[in-house]
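*Asks:* Structure: my_file30.txt, compact mmCIF, C-alpha atoms and all ligand atoms.
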```
# COMPACT_ATOMS: atom_id res chain seq x y z
CA MET A 1 10.72 -10.55 -33.25
CA PRO A 2 7.68 -8.40 -34.03
CA ILE A 3 5.55 -7.37 -31.09
CA SER A 4 2.37 -6.86 -33.07
CA TYR A 5 0.30 -9.96 -33.53
CA ARG A 6 -2.73 -10.89 -35.56
CA GLU A 7 -4.37 -14.14 -36.36
CA GLN A 8 -7.07 -15.75 -38.47
CA ALA A 9 -10.01 -16.05 -36.12
CA PRO A 10 -13.04 -18.26 -36.69
CA LEU A 11 -16.14 -16.05 -36.43
CA THR A 12 -19.87 -16.52 -36.53
CA CYS A 13 -21.97 -13.78 -38.09
CA PRO A 14 -24.45 -12.55 -35.47
CA HIS A 15 -26.74 -11.47 -38.32
CA CYS A 16 -27.06 -14.56 -40.55
CA GLY A 17 -25.27 -17.18 -38.43
CA ALA A 18 -22.72 -18.05 -41.13
CA ASP A 19 -19.25 -19.19 -40.06
CA PHE A 20 -16.27 -17.49 -41.63
CA SER A 21 -12.79 -16.42 -40.66
CA ALA A 22 -11.04 -13.07 -40.69
CA ASP A 23 -7.70 -11.49 -39.81
CA ILE A 24 -7.94 -10.02 -36.32
CA TRP A 25 -5.40 -7.87 -34.50
CA LEU A 26 -4.70 -9.04 -30.96
CA ILE A 27 -1.61 -6.94 -30.25
CA ILE A 28 -0.87 -3.62 -31.89
CA ASP A 29 2.52 -2.06 -31.35
CA ALA A 30 2.40 1.67 -32.06
CA ASP A 31 5.97 1.83 -33.44
CA GLU A 32 5.64 -1.19 -35.70
CA GLU A 33 2.18 -0.47 -37.02
CA PRO A 34 1.60 3.29 -37.09
CA GLU A 35 -1.15 2.93 -39.70
CA VAL A 36 -3.02 0.32 -37.71
CA ALA A 37 -2.59 2.50 -34.60
CA ALA A 38 -4.14 5.39 -36.54
CA ALA A 39 -6.98 3.15 -37.74
CA LEU A 40 -7.52 2.09 -34.13
CA ARG A 41 -8.07 5.73 -33.18
CA ARG A 42 -10.67 5.96 -35.95
CA GLU A 43 -12.31 2.80 -34.54
CA GLU A 44 -11.66 0.93 -37.76
CA VAL A 45 -9.61 -1.93 -36.35
CA ASN A 46 -11.08 -5.45 -35.98
CA ILE A 47 -14.23 -4.47 -37.85
CA VAL A 48 -15.23 -7.40 -40.04
CA THR A 49 -17.69 -7.91 -42.86
CA CYS A 50 -19.62 -11.14 -43.18
CA PRO A 51 -18.92 -12.58 -46.66
CA HIS A 52 -22.40 -14.14 -46.77
CA CYS A 53 -24.77 -11.33 -45.83
CA GLY A 54 -22.49 -8.29 -45.83
CA ALA A 55 -23.23 -7.38 -42.20
CA ARG A 56 -20.44 -5.34 -40.70
CA GLY A 57 -19.40 -5.04 -37.07
CA PRO A 58 -16.72 -5.47 -34.45
CA ALA A 59 -15.04 -8.90 -34.45
CA GLY A 60 -15.49 -9.19 -30.70
CA ALA A 61 -11.86 -10.03 -29.95
CA PRO A 62 -9.71 -8.78 -27.09
CA LEU A 63 -6.93 -6.35 -27.97
CA ILE A 64 -3.72 -5.03 -26.45
CA TYR A 65 -2.16 -1.79 -27.59
CA HIS A 66 1.48 -1.08 -26.77
CA ASP A 67 3.25 2.25 -27.16
CA ALA A 68 6.84 2.06 -25.88
CA ARG A 69 7.54 5.74 -26.41
CA ALA A 70 4.49 6.84 -24.47
CA ARG A 71 5.12 3.99 -22.00
CA ARG A 72 1.56 2.77 -22.24
CA VAL A 73 -0.24 -0.52 -22.41
CA LEU A 74 -3.97 -0.57 -23.01
CA PHE A 75 -6.20 -3.60 -22.93
CA ALA A 76 -9.74 -4.08 -24.17
CA PRO A 77 -11.57 -7.34 -23.47
CA ALA A 78 -13.81 -9.10 -25.97
CA PRO A 79 -17.32 -7.65 -25.51
CA GLY A 80 -19.66 -9.69 -23.35
CA SER A 81 -16.90 -11.61 -21.58
CA ALA A 82 -17.36 -12.72 -17.97
CA ASP A 83 -14.91 -11.32 -15.43
CA HIS A 84 -12.81 -14.47 -15.23
CA GLU A 85 -12.62 -14.55 -19.04
CA ILE A 86 -11.48 -10.94 -19.08
CA ARG A 87 -8.74 -11.76 -16.63
CA GLU A 88 -7.65 -14.73 -18.74
CA GLN A 89 -7.65 -12.71 -21.95
CA ALA A 90 -5.63 -9.93 -20.31
CA ARG A 91 -3.19 -12.41 -18.81
CA ASP A 92 -2.66 -14.33 -22.04
CA LEU A 93 -2.26 -11.32 -24.30
CA HIS A 94 -0.10 -9.52 -21.78
CA ALA A 95 2.19 -12.54 -21.46
CA LEU A 96 2.44 -12.65 -25.24
CA LEU A 97 3.24 -8.95 -25.40
CA VAL A 98 5.89 -9.06 -22.71
CA GLY A 99 7.34 -12.23 -24.20
CA SER A 100 7.88 -10.49 -27.55
CA ILE A 101 9.83 -7.64 -25.99
CA ASP A 102 13.55 -8.15 -25.45
CA GLN A 103 14.43 -8.67 -21.84
CA GLU A 104 16.60 -5.52 -21.76
CA GLN A 105 13.78 -3.49 -23.25
CA ARG A 106 11.22 -4.46 -20.62
CA ARG A 107 10.25 -1.63 -18.33
CA PRO A 108 7.99 -1.41 -15.29
CA TYR A 109 5.31 0.45 -17.24
CA LEU A 110 4.55 -2.85 -18.97
CA ALA A 111 2.90 -4.02 -15.75
CA ASP A 112 0.69 -0.95 -15.67
CA VAL A 113 -2.17 -1.84 -17.98
CA ASP A 114 -4.98 0.60 -18.63
CA ILE A 115 -8.20 -1.28 -19.14
CA ALA A 116 -10.78 0.01 -21.59
CA GLN A 117 -14.38 -1.14 -21.82
CA ASP A 118 -13.94 -2.33 -25.40
CA VAL A 119 -12.00 -1.45 -28.56
CA SER A 120 -14.09 1.65 -29.05
CA GLY A 121 -13.37 2.72 -25.47
CA MET A 122 -9.68 2.14 -26.16
CA ALA A 123 -9.87 4.40 -29.23
CA HIS A 124 -11.57 7.04 -27.14
CA LEU A 125 -8.88 6.80 -24.46
CA LEU A 126 -6.11 7.08 -27.07
CA ARG A 127 -7.68 10.19 -28.60
CA ARG A 128 -7.94 11.74 -25.17
CA ILE A 129 -4.29 10.98 -24.43
CA ASP A 130 -3.30 12.48 -27.82
CA THR A 131 -5.20 15.67 -27.04
CA ARG A 132 -3.61 15.96 -23.65
CA GLN A 133 -0.13 15.36 -25.06
CA ARG A 134 -0.65 17.98 -27.73
CA ALA A 135 -1.78 20.42 -25.07
CA SER A 136 1.22 19.79 -22.83
CA ALA A 137 3.64 19.81 -25.78
CA ALA A 138 2.56 23.33 -26.80
CA PRO A 139 5.88 25.19 -26.97
CA PRO A 140 6.30 27.73 -24.16
CA ALA A 141 7.77 30.35 -26.56
CA ALA A 142 11.26 28.86 -26.50
CA PRO A 143 14.12 31.33 -26.92
CA PRO A 144 16.41 30.81 -29.95
CA ALA A 145 18.89 28.01 -29.34
CA ALA A 146 21.85 29.26 -27.36
CA PRO A 147 25.25 28.39 -28.86
CA SER A 148 26.35 26.61 -25.72
CA PRO A 149 24.01 24.20 -23.93
CA ALA A 150 25.48 24.95 -20.47
CA PRO A 151 24.82 26.61 -18.11
CA PRO A 152 21.08 25.98 -18.15
CA SER A 153 19.22 29.11 -19.16
CA PRO A 154 16.80 30.49 -16.59
CA THR A 155 13.95 30.27 -19.11
CA GLU A 156 14.30 26.46 -19.30
CA ARG A 157 11.30 24.83 -17.70
CA PRO A 158 12.42 23.22 -14.45
CA PRO A 159 11.40 19.56 -14.29
CA LEU A 160 9.44 20.20 -11.12
CA LEU A 161 7.17 22.57 -13.00
CA ALA A 162 6.36 19.89 -15.57
CA ALA A 163 5.64 17.54 -12.68
CA VAL A 164 3.36 20.09 -11.04
CA GLU A 165 1.52 20.66 -14.30
CA ALA A 166 0.96 16.94 -14.67
CA LEU A 167 -0.23 16.76 -11.08
CA LEU A 168 -2.70 19.60 -11.52
CA ALA A 169 -3.95 18.28 -14.84
CA ALA A 170 -4.83 14.97 -13.19
CA ASP A 171 -8.58 14.93 -12.75
CA THR A 172 -9.08 11.31 -11.78
CA ALA A 173 -7.36 9.05 -9.29
CA ALA A 174 -5.86 7.06 -12.17
CA ASP A 175 -4.46 10.25 -13.76
CA LEU A 176 -2.99 11.18 -10.42
CA GLU A 177 -1.29 7.80 -10.12
CA GLN A 178 0.05 8.24 -13.62
CA ALA A 179 1.40 11.72 -12.84
CA LEU A 180 3.14 10.37 -9.76
CA SER A 181 4.60 7.44 -11.59
CA ASP A 182 5.82 9.74 -14.41
CA HIS A 183 7.28 12.22 -11.93
CA PRO A 184 8.44 10.32 -8.85
CA GLU A 185 10.29 13.47 -7.72
CA LEU A 186 6.88 14.59 -6.47
CA LEU A 187 7.24 11.98 -3.74
CA ASP A 188 10.30 13.72 -2.37
CA PRO A 189 9.33 15.18 1.03
CA ALA A 190 11.32 18.34 0.13
CA THR A 191 8.94 18.99 -2.77
CA ILE A 192 6.20 20.24 -0.46
CA ALA A 193 8.50 22.93 0.98
CA THR A 194 9.71 23.86 -2.51
CA LEU A 195 6.13 24.28 -3.73
CA THR A 196 5.32 26.53 -0.78
CA GLN A 197 8.33 28.71 -1.63
CA LEU A 198 7.45 28.84 -5.31
CA ALA A 199 3.87 29.79 -4.46
CA GLU A 200 5.14 32.67 -2.32
CA VAL A 201 7.42 33.87 -5.09
CA ALA A 202 4.59 33.69 -7.62
CA ALA A 203 2.21 35.53 -5.28
CA ALA A 204 4.82 38.25 -4.66
CA GLN A 205 5.08 38.72 -8.42
CA GLY A 206 1.33 39.09 -8.74
CA GLU A 207 0.93 35.69 -10.44
CA HIS A 208 -2.03 34.73 -8.31
CA GLU A 209 -3.34 31.97 -10.52
CA ILE A 210 0.05 30.24 -10.62
CA ALA A 211 0.44 30.70 -6.88
CA GLN A 212 -2.94 29.07 -6.31
CA GLY A 213 -2.04 26.19 -8.63
CA LEU A 214 1.17 25.60 -6.74
CA ARG A 215 -0.65 25.67 -3.44
CA ASN A 216 -3.21 23.21 -4.75
CA ALA A 217 -0.43 20.88 -5.87
CA ARG A 218 1.22 21.18 -2.48
CA ASP A 219 -2.01 20.43 -0.63
CA LEU A 220 -2.64 17.45 -2.86
CA LEU A 221 0.81 16.08 -2.09
CA SER A 222 0.74 16.83 1.60
CA GLY A 223 -2.65 15.13 1.78
CA MET A 224 -0.99 12.09 0.32
CA SER A 225 2.01 12.08 2.60
CA ASN A 226 -0.33 12.49 5.54
CA ARG A 227 -1.85 9.28 4.44
CA SER A 228 1.50 7.55 4.69
CA GLU A 229 2.30 9.00 8.10
CA PRO A 230 -0.96 8.82 9.96
CA GLU A 231 -1.45 10.94 13.02
CA ARG A 232 -2.52 9.34 16.24
CA LEU A 233 -6.22 8.69 16.19
CA THR A 234 -8.38 10.45 18.74
CA GLU A 235 -11.58 8.67 17.81
CA ILE A 236 -12.62 5.61 15.88
CA PRO A 237 -14.15 6.70 12.55
CA PRO A 238 -17.91 6.02 12.91
CA ALA A 239 -18.07 3.95 9.71
CA ALA A 240 -15.24 1.71 10.90
CA LEU A 241 -16.85 1.29 14.30
CA GLN A 242 -20.22 0.51 12.74
CA GLU A 243 -18.75 -2.15 10.47
CA LEU A 244 -16.67 -3.53 13.28
CA LEU A 245 -19.77 -4.05 15.39
CA SER A 246 -21.58 -5.82 12.60
CA ALA A 247 -18.72 -8.23 11.83
CA HIS A 248 -19.93 -11.53 13.25
CA SER A 249 -17.17 -13.90 12.23
CA ASP A 250 -13.41 -13.87 11.87
CA ALA A 251 -13.80 -13.77 8.09
CA GLU A 252 -16.09 -10.76 8.32
CA LEU A 253 -13.75 -9.13 10.75
CA GLU A 254 -10.90 -9.69 8.32
CA GLN A 255 -12.88 -7.95 5.60
CA VAL A 256 -13.66 -5.02 7.85
CA ILE A 257 -9.98 -4.73 8.72
CA ALA A 258 -9.07 -4.81 5.04
CA ARG A 259 -11.46 -1.89 4.50
CA HIS A 260 -10.37 -0.03 7.63
CA PRO A 261 -6.75 -1.00 8.32
CA LEU A 262 -6.56 1.69 10.99
CA LEU A 263 -8.48 -0.73 13.23
CA LEU A 264 -5.19 -2.55 13.71
CA ARG A 265 -3.50 0.50 15.16
CA PRO A 266 -2.57 0.11 18.81
CA GLU A 267 -4.45 3.21 19.96
CA ILE A 268 -7.73 1.60 18.84
CA ASP A 269 -7.56 -0.64 21.88
CA GLU A 270 -7.65 2.35 24.20
CA LEU A 271 -10.38 4.05 22.15
CA LEU A 272 -12.52 0.93 22.35
CA ALA A 273 -12.01 0.86 26.11
CA ILE A 274 -13.40 4.40 26.25
CA GLU A 275 -16.38 3.37 24.10
CA ILE A 276 -17.02 0.48 26.49
CA GLU A 277 -16.97 2.78 29.50
CA THR A 278 -19.33 5.19 27.78
CA ALA A 279 -21.67 2.33 26.93
CA LEU A 280 -21.61 1.05 30.52
CA ALA A 281 -22.20 4.54 31.88
CA SER A 282 -25.39 4.77 29.84
CA ASP A 283 -26.49 1.24 30.81
CA ALA A 284 -25.98 -0.11 27.31
CA GLU A 285 -24.74 -3.41 28.66
CA GLN A 286 -25.17 -5.37 25.43
CA LEU A 287 -23.29 -2.81 23.40
CA ALA A 288 -20.50 -2.85 25.97
CA GLN A 289 -20.26 -6.63 25.71
CA LEU A 290 -20.22 -6.48 21.94
CA LEU A 291 -17.50 -3.84 22.03
CA GLU A 292 -15.47 -5.91 24.44
CA ALA A 293 -15.73 -8.96 22.19
CA ARG A 294 -14.54 -6.96 19.18
CA ARG A 295 -11.77 -5.44 21.23
CA ILE A 296 -10.47 -8.89 22.12
CA ALA A 297 -10.79 -10.09 18.52
CA LEU A 298 -8.86 -7.07 17.25
CA ALA A 299 -6.18 -7.54 19.87
CA ALA A 300 -5.75 -11.13 18.68
CA PHE A 301 -5.48 -9.93 15.10
CA ARG A 302 -2.99 -7.27 16.03
CA ALA A 303 -0.89 -9.78 17.95
CA ALA A 304 -0.82 -12.32 15.11
CA PRO A 305 2.92 -12.29 14.49
CA ALA A 306 2.47 -13.36 10.88
CA ALA A 307 0.51 -10.31 9.72
CA GLY A 308 3.29 -7.73 9.37
CA ALA A 309 5.97 -10.15 8.26
CA ASP A 310 3.52 -11.71 5.85
CA LEU A 311 2.81 -8.37 4.20
CA GLU A 312 6.51 -7.73 3.83
CA ALA A 313 7.05 -11.09 2.15
CA ALA A 314 3.96 -10.48 0.03
CA ILE A 315 5.24 -7.16 -1.21
CA GLU A 316 8.60 -8.61 -1.97
CA ALA A 317 6.96 -11.35 -4.04
CA LEU A 318 4.87 -8.76 -5.83
CA LEU A 319 7.80 -6.51 -6.67
CA LEU A 320 9.82 -9.46 -7.91
CA ALA A 321 7.01 -10.69 -10.18
CA ASP A 322 8.39 -10.14 -13.65
CA ASP A 323 5.37 -11.15 -15.67
CA GLU A 324 1.61 -11.29 -15.42
CA GLU A 325 1.65 -14.89 -14.30
CA ALA A 326 4.06 -14.26 -11.45
CA PHE A 327 1.99 -11.24 -10.52
CA ALA A 328 -1.19 -13.30 -10.40
CA GLN A 329 0.61 -15.97 -8.41
CA ALA A 330 1.75 -13.43 -5.83
CA LEU A 331 -1.84 -12.22 -5.49
CA ASP A 332 -3.09 -15.77 -5.08
CA GLN A 333 -0.47 -16.63 -2.51
CA TYR A 334 -0.79 -13.42 -0.50
CA PRO A 335 -4.39 -12.20 -0.34
CA ALA A 336 -3.09 -9.50 2.03
CA LEU A 337 -1.84 -7.71 -1.08
CA LEU A 338 -5.43 -6.76 -1.77
CA SER A 339 -5.71 -4.73 1.41
CA GLU A 340 -5.38 -1.02 1.91
CA ALA A 341 -2.46 -1.80 4.19
CA ALA A 342 -0.60 -3.26 1.21
CA GLU A 343 -1.29 -0.18 -0.90
CA GLN A 344 0.02 1.90 1.93
CA ALA A 345 3.11 -0.26 2.28
CA LEU A 346 3.80 -0.06 -1.46
CA TRP A 347 3.45 3.67 -1.30
CA GLU A 348 5.93 3.86 1.56
CA PHE A 349 8.25 1.49 -0.27
CA ALA A 350 8.17 3.78 -3.32
CA ALA A 351 8.87 6.83 -1.19
CA GLU A 352 11.81 5.07 0.44
CA ALA A 353 13.19 3.91 -2.90
CA ARG A 354 12.82 7.44 -4.16
CA ALA A 355 14.59 8.85 -1.10
CA GLY A 356 17.38 6.33 -1.70
CA GLY A 357 17.78 7.61 -5.25
CA ASP A 358 16.30 4.54 -6.94
CA GLU A 359 13.66 6.09 -9.21
CA GLU A 360 13.27 2.96 -11.30
CA LEU A 361 12.33 0.95 -8.24
CA ALA A 362 10.05 3.73 -7.00
CA ARG A 363 8.24 3.74 -10.32
CA HIS A 364 7.97 -0.01 -10.31
CA ALA A 365 6.46 0.00 -6.81
CA ILE A 366 3.92 2.64 -7.86
CA ALA A 367 3.05 0.66 -10.96
CA CYS A 368 2.54 -2.44 -8.80
CA ARG A 369 0.38 -0.45 -6.42
CA GLU A 370 -1.74 0.80 -9.28
CA LEU A 371 -2.18 -2.73 -10.60
CA VAL A 372 -3.18 -3.99 -7.16
CA ARG A 373 -5.69 -1.15 -6.87
CA ARG A 374 -7.21 -2.12 -10.19
CA VAL A 375 -7.55 -5.74 -9.18
CA ARG A 376 -9.19 -4.63 -5.95
CA ALA A 377 -11.54 -2.27 -7.75
CA GLY A 378 -12.45 -5.15 -10.06
CA LEU A 379 -13.16 -7.45 -7.14
CA GLU A 380 -15.30 -4.85 -5.41
CA GLN A 381 -17.31 -4.46 -8.58
CA ASP A 382 -17.80 -8.22 -8.73
CA ARG A 383 -19.06 -8.17 -5.18
CA SER A 384 -21.62 -5.42 -5.68
ZN ZN B 1 -23.75 -12.70 -42.15
```
In C-alpha cells, what does this structure look like?
Ligand SMILES: [Zn+2]
*Replies:*
Amino acid sequence: MPISYREQAPLTCPHCGADFSADIWLIIDADEEPEVAAALRREEVNIVTCPHCGARGPAGAPLIYHDARARRVLFAPAPGSADHEIREQARDLHALLVGSIDQEQRRPYLADVDIAQDVSGMAHLLRRIDTRQRASAAPPAAPPAAPSPAPPSPTERPPLLAAVEALLAADTAADLEQALSDHPELLDPATIATLTQLAEVAAAQGEHEIAQGLRNARDLLSGMSNRSEPERLTEIPPAALQELLSAHSDAELEQVIARHPLLLRPEIDELLAIEIETALASDAEQLAQLLEARRIALAAFRAAPAAGADLEAAIEALLLADDEEAFAQALDQYPALLSEAAEQALWEFAAEARAGGDEELARHAIACRELVRRVRAGLEQDRS
C-alpha cells in the first residue's frame, strides 16, 4: 500500500472567489516520491493556479512528509488554522501515515513529529537537514579498503565520536534531543568518564580544539545527568518560592508544582520551616502565616499517595500508545504527563532502558518525552 497520499481538494480562489478543485499532496513519502520530495524543497508542492483568474499561490492544505531512511516525520499545518484545528490535522494525517506503514516497519521515530510553520517552513527545514547531512557525511579521508574487514582498523571512526559530533553540532534544544535519540549511548553514565579520558589524550597530543570540544560535550552530558539525579536542595529557588506564595488555590498550586516539581521534594518542608522562622524573627507575621499555609498544602500534595503511582501508570500508558490517538488519549487521561516531573521520569526511564541494553525502548522513551515537551510548549504558547 502506498504511503504517499494526495486528493482532489475543493478550493476557493482568494483572488477572484471562484471555486475550483486541484490535486493536493497530503502525505509525501520520500522513498516513493523522490521528485515530489525534491519539488517540496524548492517550495513548488501544493502551489495551485486558479483556472478563472490565473492567480497562483499555496493551496493552504496541511502536509506530512515522511522519510524512513532519515527516520523523520515533518508536519506543516494549513496556514491560518486555529490550534485545535492544527492538532486535528496532525492527528488525522499522522494516523493515516502510520496506518499505511506495515506493522513490522513501524519504528518509534514515527511518533517524533517535527512541526513546521507551514509548507515553506518545512522546505526550509528539509534544506537545512540536507546541508547538515552533507556536512557530516564529508568523508574523513578514508584509507583504501582493507582486504579483511576484521579486526577494526584504528582509523575507523568510533561510534562515540560520531555521537559527540552530533551532540556538539546541536545548537537548539530540539537538535540536542535528536542527537540523544540518535545516539542513546550518550546516556550511558560511563560516557562522561570516557569523554574526560579522550579529552586528556587529545590535550596531551596538542589537539586543543578537539579536547575542548570533548570537554564541552562532557559538561553538556553531565549537566543533563545532574538533572536526573538532583542534589539535596539547600535553598528554595526564589522564583519557585515567589510563585508558591502567590498560588491562592489548589489549582494554582498544582500549576506552580508542575512548573517547579522540586517543591514536592521532602527537604522543602524543612526549608520552608526555616523561612517561617526567619519571617517571625523579623516580625513578618503575615508572611510567616502565608508560608505556613503553603507548607501544609505542599505536605498534603506530597502525601497524596496517588501522585507517584499515577505518574508511573501514566508513563506506562504513554509508552504503550502505539498511535497518535492512543497518545492523545494517554495525555487526556493523565494530565500529569504534561509536568516536568513526567519529562524527568521519562528521561530516567530511557536511561534505565539504555543501561539494561534495550536501546529501542530507550529511543522510544526519548521520542515520547520529546513529543510531550512539544505538546507542553504548544500549551504554554496558547496560554500566553
Ligand atoms: Zn481566481
*Asks:* Hey, can you pull every residue with an atom no more than 10 Å from (11.3, 1.4, -20.6), using only C-alpha atoms, and send it as a PyMOL selection string?
*Replies:* chain A and resi 68-72+104-110+360
*Asks:* Fewer than 4 positions away in the same chain doesn't count, so skip those; otherwise give me all residues within 12 Å of Asp114 (chain A), counting all atoms listed in the file, as a PyMOL selection string.
*Replies:* chain A and resi 63-67+71-77+90+94+109-110+118+121-122+125-126+129+174-175+177-178+367+370-371+373-375
*Asks:* Give me, as CSV, the closest atom pair and its distance (Å, one decimal) for every residue of chain A within a cut-off of 7 Å of ligand ZN 1 (chain B), counting all atoms listed in the file, rows sorted by chain and rising number.
*Replies:*
```
residue,atom,partner,partner_atom,distance
A:Cys13,CA,B:ZN1,ZN,4.6
A:Pro14,CA,B:ZN1,ZN,6.7
A:His15,CA,B:ZN1,ZN,5.0
A:Cys16,CA,B:ZN1,ZN,4.1
A:Gly17,CA,B:ZN1,ZN,6.0
A:Ala18,CA,B:ZN1,ZN,5.5
A:Cys50,CA,B:ZN1,ZN,4.5
A:Pro51,CA,B:ZN1,ZN,6.6
A:His52,CA,B:ZN1,ZN,5.0
A:Cys53,CA,B:ZN1,ZN,4.1
A:Gly54,CA,B:ZN1,ZN,5.9
A:Ala55,CA,B:ZN1,ZN,5.3
```
*Asks:* Could you check the closest approach to Asp188 (chain A) for each of A:Ala240, A:Ala362, A:Ile210, A:Ala39 and tell me which residue wins, using only C-alpha atoms?
*Replies:*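 Using only C-alpha atoms, the shortest distance to Asp188 (chain A) belongs to A:Ala362.
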*Asks:* Quick one, how far is CA of Gly213 (chain A) from CA of Thr131 (chain A)?
*Replies:*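 Separation between CA of Gly213 (chain A) and CA of Thr131 (chain A): 21.4 Å.
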*Asks:* Work out how far CA of Leu298 (chain A) is from CA of Ala328 (chain A), in Å to one decimal.
*Replies:*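 Separation of CA of Ala328 (chain A) and CA of Leu298 (chain A): 29.4 Å.
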*Asks:* Measure the distance from CA of Glu275 (chain A) to CA of Ser249 (chain A) in Å and round it to one decimal.
*Replies:* 21.0 Å
